[in-house]
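Chemist: One structure is given below, represented as structure tokens, and several questions about it will come after.
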Amino acid sequence: MNRRGFLNASAMATAGFSILPSGILRAANGPNNRLNIALIGVSGRALAHYGWLKEQSVVALCDINEAFFEHALTAFPGAKTYTDWRQCLEHKGLDAVVICTPDHHHAFISNWALNRDLHVYCEKPLAISVEEARIVRQNWLGKKGKLATQVGTQMHAQPNYARIKEMILDGAIGGLESAVGWGNRKIRRDGYFPAAGKPPAGLHWDLWLGPSPVRPYNPRYFSGGPGANCLEWNMFWDWGVGQIGDMGSHMMDMLWNGVDGTLPTSIRATGEAYNPEVTPVLLEAHFEHPANDWRGPIRVSWHQGGSLPRNPRPFIDFDQIGHGVMFQGTQGFIICDYTRRLLIPDGKDADLSYYKPRSAERQLPPIGQFHQNWLDACKDPSKSTCCDFEYHSHLIEQMLLGLVAYRTGETLEYDGANGVVTNHAEANPLLKRHYREGWVLNG
Ligand SMILES: NC(=O)c1ccc[n+]([C@@H]2O[C@H](COP(=O)([O-])OP(=O)(O)OC[C@H]3O[C@@H](n4cnc5c(N)ncnc54)[C@H](O)[C@@H]3O)[C@@H](O)[C@H]2O)c1
């Protein structure tokens, strides 16, 4: 069954049955309702997705390292293999793509997939420049309701995210004033590695570089373990944005969910001395956010690499928490990580009489299994996903603006409607990356 037939059939689905174009009725979860998926980047992080992908039809496998195909083909026998994702996306009959490549390809593949009417699951971060984030969002908004998207911030399905949101909405800390996320990873590199040997046969270094400038091959870029190899390349400006895009995507997701963030109006950031090859380890960034329909204006902040937020209680060790978020309100603090939360009432009036925790029946609905959340929306795109490309593109656009403010050293005023820094012209060229000839961002 091709994708269009699938979409029509899912739109017509009633009481667990789909009417196929041929008029045959089949059970909604039967083999013929499996999505035809292209998996782009088949090893590393992708291995964590094999379990649920095996329940679908992975018909195309794409990787720049042919050595990974043997293992992938044992999981997905009969799939066609590709080394260039641009060709893979032309595979006939695709419904969806799952993107597990390095970060500098994410926005490219996402745009190309959306432009071909494919559902997209993309590992975080969705973009590594402000322009990339905005173009993917624009493409997604044009397809919303017809396609499904999800960014791989899978911790969002932890019940703790909903419980924290409810505590804030129900007044546990009074009126929300600010929120801060932090991460304590410190992976320091001085610059790109020098040329060292030739890529092994079957490793297509030029396709790995993709839209980014030509750089010499060095096997160190491939020396990390499965799912951790990103820590060997994501701090280099050409291929990632360091911890802002890595753990920043996860922690800012927890924060964003709690504050219902959109785009900041003002940004300032400080950190270690600028290195044109490597993103900063030590950094802090602060963003002013406008009021929304349930709270006043707030400040959102991010700290990494040794910078930590001001600690309201010395007996709490932010460094031990590792990666965390703190919400501050007029009556106290919530300090949390993926699965734990701590409420600290603060001030002489903090007697919690103002806190009206909701009953179990009124709790926010559970997300369920994170990947299923996307699969359900692929089968019925009128359903939303918890981390769609609108939600995540806003939060990553903010983080990327933090890097621009860091580079300029100025407090930037931002017109989010038009994607323009209004008070410092030198910042605007830094909102985009330059690509190698032959690589089209929105193809
Ligand atoms: N959601 C999470 O918790 C989580 C955890 C780890 C990694 N990630 C993300 O997953 C992505 C991959 O990270 P990783 O550590 O697996 O990296 P990796 O370097 O191991 O690369 C993953 C796979 O992509 C392949 N690849 C590289 N360039 C490609 C290209 N142009 N086309 C097709 N395949 C290509 C590699 O050969 C490899 O098989 C990153 O974006 C990272 O941020 C997410």
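Ordered as shown in the structure tokens, chains take letters A, B, and onward, while each chain numbers its residues from 1 and ligands are numbered from 1 in the order shown.
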Need the shell around A:Ile40: protein/DNA/RNA residues with any atom at most 7 Å away, counting only C-alpha atoms. Skip same-chain ones fewer than 3 positions apart. Format as a list of chain:residue names?
Modeler: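 Everything that qualifies: A:Leu61, A:Cys62, A:Asp63, A:Trp85, A:Val98, A:Ile99, A:Cys100, A:Thr101.
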Chemist: Mind listing the residues within 6 Å of ligand 1, only C-alpha atoms and all ligand atoms counted, as a list in words?
Modeler: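 The residues near ligand 1 are Ile40, Gly41, Val42, Ser43, Gly44, Arg45, Cys62, Asp63, Ile64, Asn65, Trp85, Cys100, Thr101, Pro102, Asp103, Glu123, Lys124, Gly152, Thr153, Leu207, Trp208, Pro226, Gly227, Ala228, Asn229, Cys230 and Asp246 of chain A.
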Chemist: With N, CA and C atoms kept, could you save the residues just selected as a PDB file, in the first residue's frame?
Modeler:
ATOM      1  N   ILE A  40      17.544   6.782   8.083  1.00  0.00           N
ATOM      2  CA  ILE A  40      18.726   7.511   7.571  1.00  0.00           C
ATOM      3  C   ILE A  40      19.704   7.697   8.724  1.00  0.00           C
ATOM      4  N   GLY A  41      20.858   7.024   8.620  1.00  0.00           N
ATOM      5  CA  GLY A  41      21.771   6.871   9.747  1.00  0.00           C
ATOM      6  C   GLY A  41      21.334   5.604  10.459  1.00  0.00           C
ATOM      7  N   VAL A  42      21.991   4.469  10.169  1.00  0.00           N
ATOM      8  CA  VAL A  42      21.423   3.188  10.610  1.00  0.00           C
ATOM      9  C   VAL A  42      22.095   2.627  11.858  1.00  0.00           C
ATOM     10  N   SER A  43      23.219   3.227  12.279  1.00  0.00           N
ATOM     11  CA  SER A  43      23.886   2.706  13.472  1.00  0.00           C
ATOM     12  C   SER A  43      23.869   3.777  14.562  1.00  0.00           C
ATOM     13  N   GLY A  44      24.672   3.606  15.620  1.00  0.00           N
ATOM     14  CA  GLY A  44      24.695   4.597  16.700  1.00  0.00           C
ATOM     15  C   GLY A  44      23.315   4.738  17.314  1.00  0.00           C
ATOM     16  N   ARG A  45      22.832   5.953  17.408  1.00  0.00           N
ATOM     17  CA  ARG A  45      21.532   6.233  18.033  1.00  0.00           C
ATOM     18  C   ARG A  45      20.406   5.404  17.410  1.00  0.00           C
ATOM     19  N   CYS A  62      19.828   4.091   4.832  1.00  0.00           N
ATOM     20  CA  CYS A  62      20.836   4.991   4.279  1.00  0.00           C
ATOM     21  C   CYS A  62      21.914   5.243   5.312  1.00  0.00           C
ATOM     22  N   ASP A  63      23.154   5.056   4.908  1.00  0.00           N
ATOM     23  CA  ASP A  63      24.276   5.380   5.799  1.00  0.00           C
ATOM     24  C   ASP A  63      25.499   5.685   4.949  1.00  0.00           C
ATOM     25  N   ILE A  64      26.326   6.587   5.421  1.00  0.00           N
ATOM     26  CA  ILE A  64      27.567   6.905   4.697  1.00  0.00           C
ATOM     27  C   ILE A  64      28.639   5.859   4.989  1.00  0.00           C
ATOM     28  N   ASN A  65      28.377   4.981   5.958  1.00  0.00           N
ATOM     29  CA  ASN A  65      29.331   3.923   6.276  1.00  0.00           C
ATOM     30  C   ASN A  65      28.703   2.575   5.926  1.00  0.00           C
ATOM     31  N   TRP A  85      21.565  10.429   1.286  1.00  0.00           N
ATOM     32  CA  TRP A  85      20.150  10.549   1.687  1.00  0.00           C
ATOM     33  C   TRP A  85      19.297  11.227   0.605  1.00  0.00           C
ATOM     34  N   CYS A 100      18.627   9.750  11.936  1.00  0.00           N
ATOM     35  CA  CYS A 100      19.560   9.548  13.057  1.00  0.00           C
ATOM     36  C   CYS A 100      20.988   9.910  12.650  1.00  0.00           C
ATOM     37  N   THR A 101      21.129  10.812  11.729  1.00  0.00           N
ATOM     38  CA  THR A 101      22.449  11.238  11.254  1.00  0.00           C
ATOM     39  C   THR A 101      23.040  12.275  12.202  1.00  0.00           C
ATOM     40  N   PRO A 102      24.301  12.663  11.976  1.00  0.00           N
ATOM     41  CA  PRO A 102      24.827  13.840  12.681  1.00  0.00           C
ATOM     42  C   PRO A 102      23.978  15.096  12.412  1.00  0.00           C
ATOM     43  N   ASP A 103      24.129  16.059  13.320  1.00  0.00           N
ATOM     44  CA  ASP A 103      23.215  17.198  13.413  1.00  0.00           C
ATOM     45  C   ASP A 103      23.207  18.095  12.175  1.00  0.00           C
ATOM     46  N   GLU A 123      16.093  12.993  15.111  1.00  0.00           N
ATOM     47  CA  GLU A 123      16.828  13.128  16.369  1.00  0.00           C
ATOM     48  C   GLU A 123      17.127  14.597  16.640  1.00  0.00           C
ATOM     49  N   LYS A 124      17.295  14.922  17.914  1.00  0.00           N
ATOM     50  CA  LYS A 124      17.597  16.284  18.298  1.00  0.00           C
ATOM     51  C   LYS A 124      19.080  16.577  18.051  1.00  0.00           C
ATOM     52  N   GLY A 152      13.431  13.837  18.539  1.00  0.00           N
ATOM     53  CA  GLY A 152      13.771  12.750  19.467  1.00  0.00           C
ATOM     54  C   GLY A 152      14.180  13.185  20.862  1.00  0.00           C
ATOM     55  N   THR A 153      13.298  13.924  21.523  1.00  0.00           N
ATOM     56  CA  THR A 153      13.508  14.233  22.938  1.00  0.00           C
ATOM     57  C   THR A 153      12.578  13.322  23.736  1.00  0.00           C
ATOM     58  N   LEU A 207      30.344  12.491   1.901  1.00  0.00           N
ATOM     59  CA  LEU A 207      28.899  12.516   2.203  1.00  0.00           C
ATOM     60  C   LEU A 207      28.667  12.768   3.689  1.00  0.00           C
ATOM     61  N   TRP A 208      29.602  12.335   4.524  1.00  0.00           N
ATOM     62  CA  TRP A 208      29.486  12.654   5.963  1.00  0.00           C
ATOM     63  C   TRP A 208      29.554  14.174   6.139  1.00  0.00           C
ATOM     64  N   PRO A 226      28.387   3.321  20.403  1.00  0.00           N
ATOM     65  CA  PRO A 226      27.084   3.504  19.744  1.00  0.00           C
ATOM     66  C   PRO A 226      26.179   4.455  20.531  1.00  0.00           C
ATOM     67  N   GLY A 227      25.675   5.478  19.861  1.00  0.00           N
ATOM     68  CA  GLY A 227      24.786   6.454  20.516  1.00  0.00           C
ATOM     69  C   GLY A 227      25.546   7.524  21.280  1.00  0.00           C
ATOM     70  N   ALA A 228      26.874   7.328  21.442  1.00  0.00           N
ATOM     71  CA  ALA A 228      27.682   8.352  22.120  1.00  0.00           C
ATOM     72  C   ALA A 228      28.705   8.929  21.158  1.00  0.00           C
ATOM     73  N   ASN A 229      28.680   8.455  19.906  1.00  0.00           N
ATOM     74  CA  ASN A 229      29.664   8.975  18.963  1.00  0.00           C
ATOM     75  C   ASN A 229      29.438  10.456  18.676  1.00  0.00           C
ATOM     76  N   CYS A 230      28.217  10.931  18.889  1.00  0.00           N
ATOM     77  CA  CYS A 230      27.938  12.363  18.678  1.00  0.00           C
ATOM     78  C   CYS A 230      28.859  13.228  19.544  1.00  0.00           C
ATOM     79  N   ASP A 246      22.814  19.511  22.337  1.00  0.00           N
ATOM     80  CA  ASP A 246      22.815  18.121  22.822  1.00  0.00           C
ATOM     81  C   ASP A 246      21.944  18.021  24.085  1.00  0.00           C
TER      82      ASP A 246
END
Chemist: I need the residue nearest A:Leu126 from this list: A:His289, A:Gly142, A:Thr411, A:Val241. Use only C-alpha atoms for the distance.
Modeler: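 When distances to A:Leu126 are compared using only C-alpha atoms, the smallest one comes from A:Val241.
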Chemist: What lies within 10 Å of stretch 355-367 of chain A using only C-alpha atoms, ignoring chain neighbours under 2 positions off, as a VMD selection string?
Modeler: chain A and resid 156 to 159 161 to 163 165 to 174 331 350 to 353 369 to 373 385 to 386
Chemist: Only C-alpha atoms, please: the residues just picked out, written as an mmCIF file, in the first residue's frame.
Modeler:
data_model
loop_
_atom_site.group_PDB
_atom_site.id
_atom_site.type_symbol
_atom_site.label_atom_id
_atom_site.label_comp_id
_atom_site.auth_asym_id
_atom_site.auth_seq_id
_atom_site.Cartn_x
_atom_site.Cartn_y
_atom_site.Cartn_z
ATOM 1 C CA HIS A 156 9.286 14.134 27.298
ATOM 2 C CA ALA A 157 7.109 11.040 27.785
ATOM 3 C CA GLN A 158 8.269 10.764 31.422
ATOM 4 C CA PRO A 159 5.245 11.467 33.675
ATOM 5 C CA TYR A 161 7.137 16.460 32.824
ATOM 6 C CA ALA A 162 3.353 16.579 33.170
ATOM 7 C CA ARG A 163 3.445 16.572 36.983
ATOM 8 C CA LYS A 165 3.600 21.451 34.543
ATOM 9 C CA GLU A 166 0.574 20.781 36.739
ATOM 10 C CA MET A 167 2.409 22.001 39.847
ATOM 11 C CA ILE A 168 3.243 25.274 38.091
ATOM 12 C CA LEU A 169 -0.283 25.731 36.706
ATOM 13 C CA ASP A 170 -1.874 24.851 40.055
ATOM 14 C CA GLY A 171 0.193 27.467 41.879
ATOM 15 C CA ALA A 172 2.777 25.409 43.796
ATOM 16 C CA ILE A 173 5.344 28.226 43.428
ATOM 17 C CA GLY A 174 2.928 31.152 43.082
ATOM 18 C CA GLN A 331 6.387 31.682 46.453
ATOM 19 C CA ALA A 350 4.900 30.519 51.517
ATOM 20 C CA ASP A 351 2.382 28.453 53.479
ATOM 21 C CA LEU A 352 1.121 26.597 50.377
ATOM 22 C CA SER A 353 -2.471 27.746 51.069
ATOM 23 C CA GLN A 369 5.226 5.495 24.504
ATOM 24 C CA PHE A 370 7.096 8.356 22.826
ATOM 25 C CA HIS A 371 7.568 6.718 19.424
ATOM 26 C CA GLN A 372 4.005 5.434 19.448
ATOM 27 C CA ASN A 373 2.909 9.037 19.935
ATOM 28 C CA THR A 385 2.621 14.778 18.825
ATOM 29 C CA CYS A 386 4.259 16.034 22.004
#
Chemist: Go through stretch 109-268 of chain A and collect every residue that DSSP, computed from the backbone, puts in helix (DSSP H, G or I); the answer should be as a ChimeraX atom specification.
Modeler: /A:109-115,130-143,154-157,159-169,205-209,219-222,229-232,242-244,247-259
Chemist: With C-alpha atoms retained, write the just-selected residues as a compact mmCIF listing (two decimals), in the first residue's frame.
Modeler:
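part.txt, freshly written:
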# COMPACT_ATOMS: atom_id res chain seq x y z
CA ILE A 109 16.76 15.93 5.49
CA SER A 110 13.72 17.17 7.41
CA ASN A 111 12.98 19.83 4.80
CA TRP A 112 13.49 17.46 1.90
CA ALA A 113 11.25 14.87 3.55
CA LEU A 114 8.46 17.34 4.35
CA ASN A 115 8.67 18.70 0.81
CA VAL A 130 18.44 30.01 13.39
CA GLU A 131 17.66 30.04 9.68
CA GLU A 132 17.48 26.23 9.58
CA ALA A 133 15.08 26.15 12.54
CA ARG A 134 12.83 28.74 10.91
CA ILE A 135 12.72 27.07 7.48
CA VAL A 136 11.89 23.66 8.91
CA ARG A 137 9.15 25.24 11.02
CA GLN A 138 7.71 27.05 8.00
CA ASN A 139 7.64 23.82 5.98
CA TRP A 140 6.09 21.93 8.86
CA LEU A 141 3.37 24.54 9.47
CA GLY A 142 2.41 24.17 5.80
CA LYS A 143 1.92 20.41 6.28
CA GLN A 154 12.03 10.98 24.20
CA MET A 155 12.30 11.89 27.90
CA HIS A 156 9.29 14.13 27.30
CA ALA A 157 7.11 11.04 27.78
CA PRO A 159 5.24 11.47 33.68
CA ASN A 160 7.44 13.90 35.64
CA TYR A 161 7.14 16.46 32.82
CA ALA A 162 3.35 16.58 33.17
CA ARG A 163 3.45 16.57 36.98
CA ILE A 164 5.81 19.58 36.99
CA LYS A 165 3.60 21.45 34.54
CA GLU A 166 0.57 20.78 36.74
CA MET A 167 2.41 22.00 39.85
CA ILE A 168 3.24 25.27 38.09
CA LEU A 169 -0.28 25.73 36.71
CA TRP A 205 33.70 10.98 4.21
CA ASP A 206 32.54 13.52 1.62
CA LEU A 207 28.90 12.52 2.20
CA TRP A 208 29.49 12.65 5.96
CA LEU A 209 30.64 16.27 5.54
CA PRO A 219 39.25 8.44 12.69
CA ARG A 220 38.80 10.14 16.09
CA TYR A 221 35.51 11.54 14.79
CA PHE A 222 34.26 7.93 14.74
CA ASN A 229 29.66 8.97 18.96
CA CYS A 230 27.94 12.36 18.68
CA LEU A 231 30.22 13.46 21.54
CA GLU A 232 33.16 13.11 19.11
CA GLY A 242 27.87 21.53 21.42
CA GLN A 243 25.90 21.04 24.60
CA ILE A 244 23.33 23.70 23.69
CA MET A 247 21.70 18.10 26.48
CA GLY A 248 20.30 21.60 25.94
CA SER A 249 17.63 20.09 23.67
CA HIS A 250 16.54 17.72 26.44
CA MET A 251 16.63 20.12 29.39
CA MET A 252 15.12 23.03 27.49
CA ASP A 253 12.34 20.64 26.46
CA MET A 254 11.54 20.00 30.12
CA LEU A 255 11.66 23.74 30.77
CA TRP A 256 9.65 24.66 27.65
CA ASN A 257 6.91 22.25 28.57
CA GLY A 258 6.67 23.92 31.98
CA VAL A 259 6.54 27.52 30.73
Chemist: With distances taken over only C-alpha atoms, which of A:Ala196, A:Ile128, A:Ile334, A:Ala148 is nearest to A:Val180?
Modeler: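 The answer is A:Ile334, which sits nearest to A:Val180.
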